[in-house]
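One structure below.
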Amino acid sequence: MGSPAGTYNVGSLAFYRYVVRLADMGLPLDASERDAIELLAAIPNAMVDEEELAGRGWRVVPASSYEDWPVLEATPQRLRTALQTARRLLWQHAAPAGVTAREIVNIDEEIEQVLAILQRAEAAGFSVNVSYVQ
């Protein structure tokens, strides 16, 4: 994740598996929860050409050249809501989702780091860009 306010690289496989791919788990979600985590599911793999997608407060910007990669561009508020929703859902559904205690603690630590960057980006009026490499 990056913005002019700072960057952070999440190095946790559990974060990818249980946060970025949370929408794929088949958890019982209400409409607001589904809307919140839709953003996380749209985070593009930097090594794959992605189509242009958009939602409320976010969009996927495709790579513009071979030296570039696709990114999810989002408002800090929208990404914060998505991460806070993901965190709550993981705690509520940890057992059915197969999340271990060690993984959920690691995920919480990663979310806190990302939230700190989001807070700085929001205070400065910047959007954030997110992608991953698997």
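Identifiers for the structure tokens are assigned positionally: chains receive A, B, ... in sequence, residues are indexed from 1 per chain, and ligands are indexed from 1 in the order shown.
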
| message | Give me, as a PyMOL selection string, all polymer residues having an atom no more than 12 Å from Pro28 of chain A, counting only C-alpha atoms and skipping those fewer than 6 positions away in the same chain. | response | chain A and resi 22+34+89-90+92-93+96-97

| request: Using DSSP on the backbone, list every residue of chain A that comes out as alpha helix (DSSP H), and give them as JSON, numbers by chain. | output: {"A": [13, 14, 15, 31, 32, 33, 34, 35, 36, 37, 38, 39, 40, 41, 76, 77, 78, 79, 80, 81, 82, 83, 84, 85, 86, 87, 88, 89, 90, 91, 92, 94, 95, 96, 97, 101, 102, 103, 104, 105, 106, 107, 108, 109, 110, 111, 112, 113, 114, 115, 116, 117, 118, 119, 120, 121, 122, 123, 124]}

| field | Point-to-point distance in Å for atom CA of Ile107 of chain A and atom CA of Glu51 of chain A | value |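 According to the coordinates, atom CA of Glu51 of chain A and atom CA of Ile107 of chain A are separated by 28.0 Å.
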
| said: At a cut-off of 8 Å, using only C-alpha atoms, what residues contact segment 70-86 of chain A? Leave out same-chain residues fewer than 4 positions from it and give the result as a PyMOL selection string. | reply: chain A and resi 19+22+33+36-37+39-40+42-46+48-50+57-64+90+111+115+118-119+121-122+126-131

Residue selection dump (C-alpha atoms) as an mmCIF file, in the first residue's frame:
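The resulting file, again_5.cif, is reproduced below:
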```cif
data_model
loop_
_atom_site.group_PDB
_atom_site.id
_atom_site.type_symbol
_atom_site.label_atom_id
_atom_site.label_comp_id
_atom_site.auth_asym_id
_atom_site.auth_seq_id
_atom_site.Cartn_x
_atom_site.Cartn_y
_atom_site.Cartn_z
ATOM 1 C CA VAL A 19 -8.346 -10.434 4.418
ATOM 2 C CA LEU A 22 -12.331 -12.775 2.601
ATOM 3 C CA GLU A 33 -20.468 -6.124 5.088
ATOM 4 C CA ALA A 36 -17.178 -3.164 2.592
ATOM 5 C CA ILE A 37 -15.143 -6.246 1.694
ATOM 6 C CA LEU A 39 -13.021 -3.426 -2.088
ATOM 7 C CA LEU A 40 -10.570 -5.970 -0.636
ATOM 8 C CA ALA A 42 -10.763 -6.008 -5.978
ATOM 9 C CA ILE A 43 -7.110 -5.515 -4.947
ATOM 10 C CA PRO A 44 -5.216 -6.505 -8.115
ATOM 11 C CA ASN A 45 -2.241 -8.809 -8.424
ATOM 12 C CA ALA A 46 0.571 -6.536 -9.640
ATOM 13 C CA VAL A 48 -1.495 -9.764 -13.811
ATOM 14 C CA ASP A 49 -3.315 -7.448 -16.177
ATOM 15 C CA GLU A 50 -6.580 -6.567 -14.512
ATOM 16 C CA GLY A 57 -14.870 5.113 -3.095
ATOM 17 C CA TRP A 58 -12.472 2.951 -5.111
ATOM 18 C CA ARG A 59 -11.372 1.917 -8.610
ATOM 19 C CA VAL A 60 -8.806 -0.396 -10.180
ATOM 20 C CA VAL A 61 -6.427 1.465 -12.436
ATOM 21 C CA PRO A 62 -4.935 -0.903 -15.037
ATOM 22 C CA ALA A 63 -1.219 -0.883 -15.823
ATOM 23 C CA SER A 64 -0.385 1.792 -18.361
ATOM 24 C CA LEU A 90 -12.536 -12.708 11.103
ATOM 25 C CA ILE A 111 -4.100 -4.126 9.939
ATOM 26 C CA LEU A 115 -4.472 1.853 9.510
ATOM 27 C CA LEU A 118 -4.389 5.442 6.202
ATOM 28 C CA GLN A 119 -4.701 7.916 9.060
ATOM 29 C CA ALA A 121 -3.106 9.793 4.157
ATOM 30 C CA GLU A 122 -6.539 10.941 5.268
ATOM 31 C CA PHE A 126 -4.346 11.748 -0.222
ATOM 32 C CA SER A 127 -5.853 8.641 -1.775
ATOM 33 C CA VAL A 128 -4.002 5.322 -1.416
ATOM 34 C CA ASN A 129 -2.884 2.722 -3.957
ATOM 35 C CA VAL A 130 -2.895 -0.998 -3.183
ATOM 36 C CA SER A 131 -1.742 -4.076 -5.089
#
```

All strand (DSSP E or B) residues (DSSP, backbone) inside chain A, as a PDB file with N, CA, C and O atoms, in the first residue's frame:
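Once written, part.pdb looks like this:
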```
ATOM      1  N   GLY A   2       0.497   2.215  -0.781  1.00  0.00           N
ATOM      2  CA  GLY A   2       1.304   3.414  -0.823  1.00  0.00           C
ATOM      3  C   GLY A   2       0.480   4.658  -1.082  1.00  0.00           C
ATOM      4  O   GLY A   2      -0.593   4.610  -1.681  1.00  0.00           O
ATOM      5  N   SER A   3       1.011   5.756  -0.606  1.00  0.00           N
ATOM      6  CA  SER A   3       0.461   7.081  -0.863  1.00  0.00           C
ATOM      7  C   SER A   3       1.587   8.062  -0.583  1.00  0.00           C
ATOM      8  O   SER A   3       2.618   7.681  -0.010  1.00  0.00           O
ATOM      9  N   GLY A   6       2.951   7.854   2.945  1.00  0.00           N
ATOM     10  CA  GLY A   6       3.735   6.723   3.416  1.00  0.00           C
ATOM     11  C   GLY A   6       3.368   5.442   2.697  1.00  0.00           C
ATOM     12  O   GLY A   6       2.395   5.392   1.944  1.00  0.00           O
ATOM     13  N   THR A   7       4.170   4.413   2.936  1.00  0.00           N
ATOM     14  CA  THR A   7       3.923   3.105   2.331  1.00  0.00           C
ATOM     15  C   THR A   7       4.043   2.030   3.407  1.00  0.00           C
ATOM     16  O   THR A   7       4.665   2.226   4.444  1.00  0.00           O
ATOM     17  N   ASN A  45      -3.570  -8.219  -8.440  1.00  0.00           N
ATOM     18  CA  ASN A  45      -2.241  -8.809  -8.424  1.00  0.00           C
ATOM     19  C   ASN A  45      -1.377  -7.971  -9.355  1.00  0.00           C
ATOM     20  O   ASN A  45      -1.707  -7.795 -10.526  1.00  0.00           O
ATOM     21  N   ALA A  54     -14.671  -0.699 -10.590  1.00  0.00           N
ATOM     22  CA  ALA A  54     -14.891   0.449  -9.721  1.00  0.00           C
ATOM     23  C   ALA A  54     -16.039   0.162  -8.771  1.00  0.00           C
ATOM     24  O   ALA A  54     -16.920  -0.651  -9.060  1.00  0.00           O
ATOM     25  N   GLY A  55     -16.000   0.809  -7.637  1.00  0.00           N
ATOM     26  CA  GLY A  55     -17.054   0.723  -6.642  1.00  0.00           C
ATOM     27  C   GLY A  55     -17.147   2.048  -5.913  1.00  0.00           C
ATOM     28  O   GLY A  55     -16.479   3.014  -6.281  1.00  0.00           O
ATOM     29  N   TRP A  58     -13.663   3.644  -4.635  1.00  0.00           N
ATOM     30  CA  TRP A  58     -12.472   2.951  -5.111  1.00  0.00           C
ATOM     31  C   TRP A  58     -12.581   2.647  -6.599  1.00  0.00           C
ATOM     32  O   TRP A  58     -13.662   2.652  -7.169  1.00  0.00           O
ATOM     33  N   ARG A  59     -11.432   2.377  -7.218  1.00  0.00           N
ATOM     34  CA  ARG A  59     -11.372   1.917  -8.610  1.00  0.00           C
ATOM     35  C   ARG A  59     -10.053   1.198  -8.824  1.00  0.00           C
ATOM     36  O   ARG A  59      -9.064   1.463  -8.136  1.00  0.00           O
ATOM     37  N   VAL A  60     -10.037   0.272  -9.768  1.00  0.00           N
ATOM     38  CA  VAL A  60      -8.806  -0.396 -10.180  1.00  0.00           C
ATOM     39  C   VAL A  60      -8.302   0.329 -11.409  1.00  0.00           C
ATOM     40  O   VAL A  60      -9.032   0.486 -12.392  1.00  0.00           O
ATOM     41  N   VAL A  61      -7.067   0.775 -11.328  1.00  0.00           N
ATOM     42  CA  VAL A  61      -6.427   1.465 -12.436  1.00  0.00           C
ATOM     43  C   VAL A  61      -5.499   0.457 -13.104  1.00  0.00           C
ATOM     44  O   VAL A  61      -4.539  -0.005 -12.488  1.00  0.00           O
ATOM     45  N   VAL A  71      -3.256  -1.062  -9.970  1.00  0.00           N
ATOM     46  CA  VAL A  71      -3.411  -0.753  -8.551  1.00  0.00           C
ATOM     47  C   VAL A  71      -4.870  -0.473  -8.243  1.00  0.00           C
ATOM     48  O   VAL A  71      -5.625  -0.035  -9.109  1.00  0.00           O
ATOM     49  N   LEU A  72      -5.230  -0.731  -7.024  1.00  0.00           N
ATOM     50  CA  LEU A  72      -6.519  -0.310  -6.504  1.00  0.00           C
ATOM     51  C   LEU A  72      -6.291   1.078  -5.923  1.00  0.00           C
ATOM     52  O   LEU A  72      -5.406   1.262  -5.084  1.00  0.00           O
ATOM     53  N   GLU A  73      -7.048   2.043  -6.379  1.00  0.00           N
ATOM     54  CA  GLU A  73      -6.985   3.391  -5.825  1.00  0.00           C
ATOM     55  C   GLU A  73      -8.240   3.583  -4.983  1.00  0.00           C
ATOM     56  O   GLU A  73      -9.350   3.333  -5.465  1.00  0.00           O
ATOM     57  N   ALA A  74      -8.044   3.993  -3.730  1.00  0.00           N
ATOM     58  CA  ALA A  74      -9.186   4.114  -2.818  1.00  0.00           C
ATOM     59  C   ALA A  74      -9.003   5.308  -1.893  1.00  0.00           C
ATOM     60  O   ALA A  74      -7.878   5.765  -1.665  1.00  0.00           O
ATOM     61  N   VAL A 128      -5.019   6.358  -1.574  1.00  0.00           N
ATOM     62  CA  VAL A 128      -4.002   5.322  -1.416  1.00  0.00           C
ATOM     63  C   VAL A 128      -4.094   4.348  -2.586  1.00  0.00           C
ATOM     64  O   VAL A 128      -5.149   4.172  -3.179  1.00  0.00           O
ATOM     65  N   ASN A 129      -2.952   3.734  -2.901  1.00  0.00           N
ATOM     66  CA  ASN A 129      -2.884   2.722  -3.957  1.00  0.00           C
ATOM     67  C   ASN A 129      -2.474   1.400  -3.320  1.00  0.00           C
ATOM     68  O   ASN A 129      -1.576   1.367  -2.482  1.00  0.00           O
ATOM     69  N   VAL A 130      -3.142   0.316  -3.754  1.00  0.00           N
ATOM     70  CA  VAL A 130      -2.895  -0.998  -3.183  1.00  0.00           C
ATOM     71  C   VAL A 130      -2.802  -2.016  -4.311  1.00  0.00           C
ATOM     72  O   VAL A 130      -3.593  -2.003  -5.245  1.00  0.00           O
ATOM     73  N   TYR A 132      -0.948  -6.343  -4.872  1.00  0.00           N
ATOM     74  CA  TYR A 132      -0.188  -7.424  -4.222  1.00  0.00           C
ATOM     75  C   TYR A 132       0.535  -8.235  -5.272  1.00  0.00           C
ATOM     76  O   TYR A 132       0.200  -8.211  -6.452  1.00  0.00           O
TER      77      TYR A 132
END
```

| field | Pick from A:Asp35, A:Glu112, A:Glu103, A:Glu67, whichever lies nearest to Tyr18 of chain A using only C-alpha atoms | value |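 So, comparing all the options, the nearest one is A:Glu103.
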
| task | Measure the distance from atom CA of Met25 of chain A to atom CA of Met1 of chain A in Å and round it to one decimal. | result | 23.2 Å
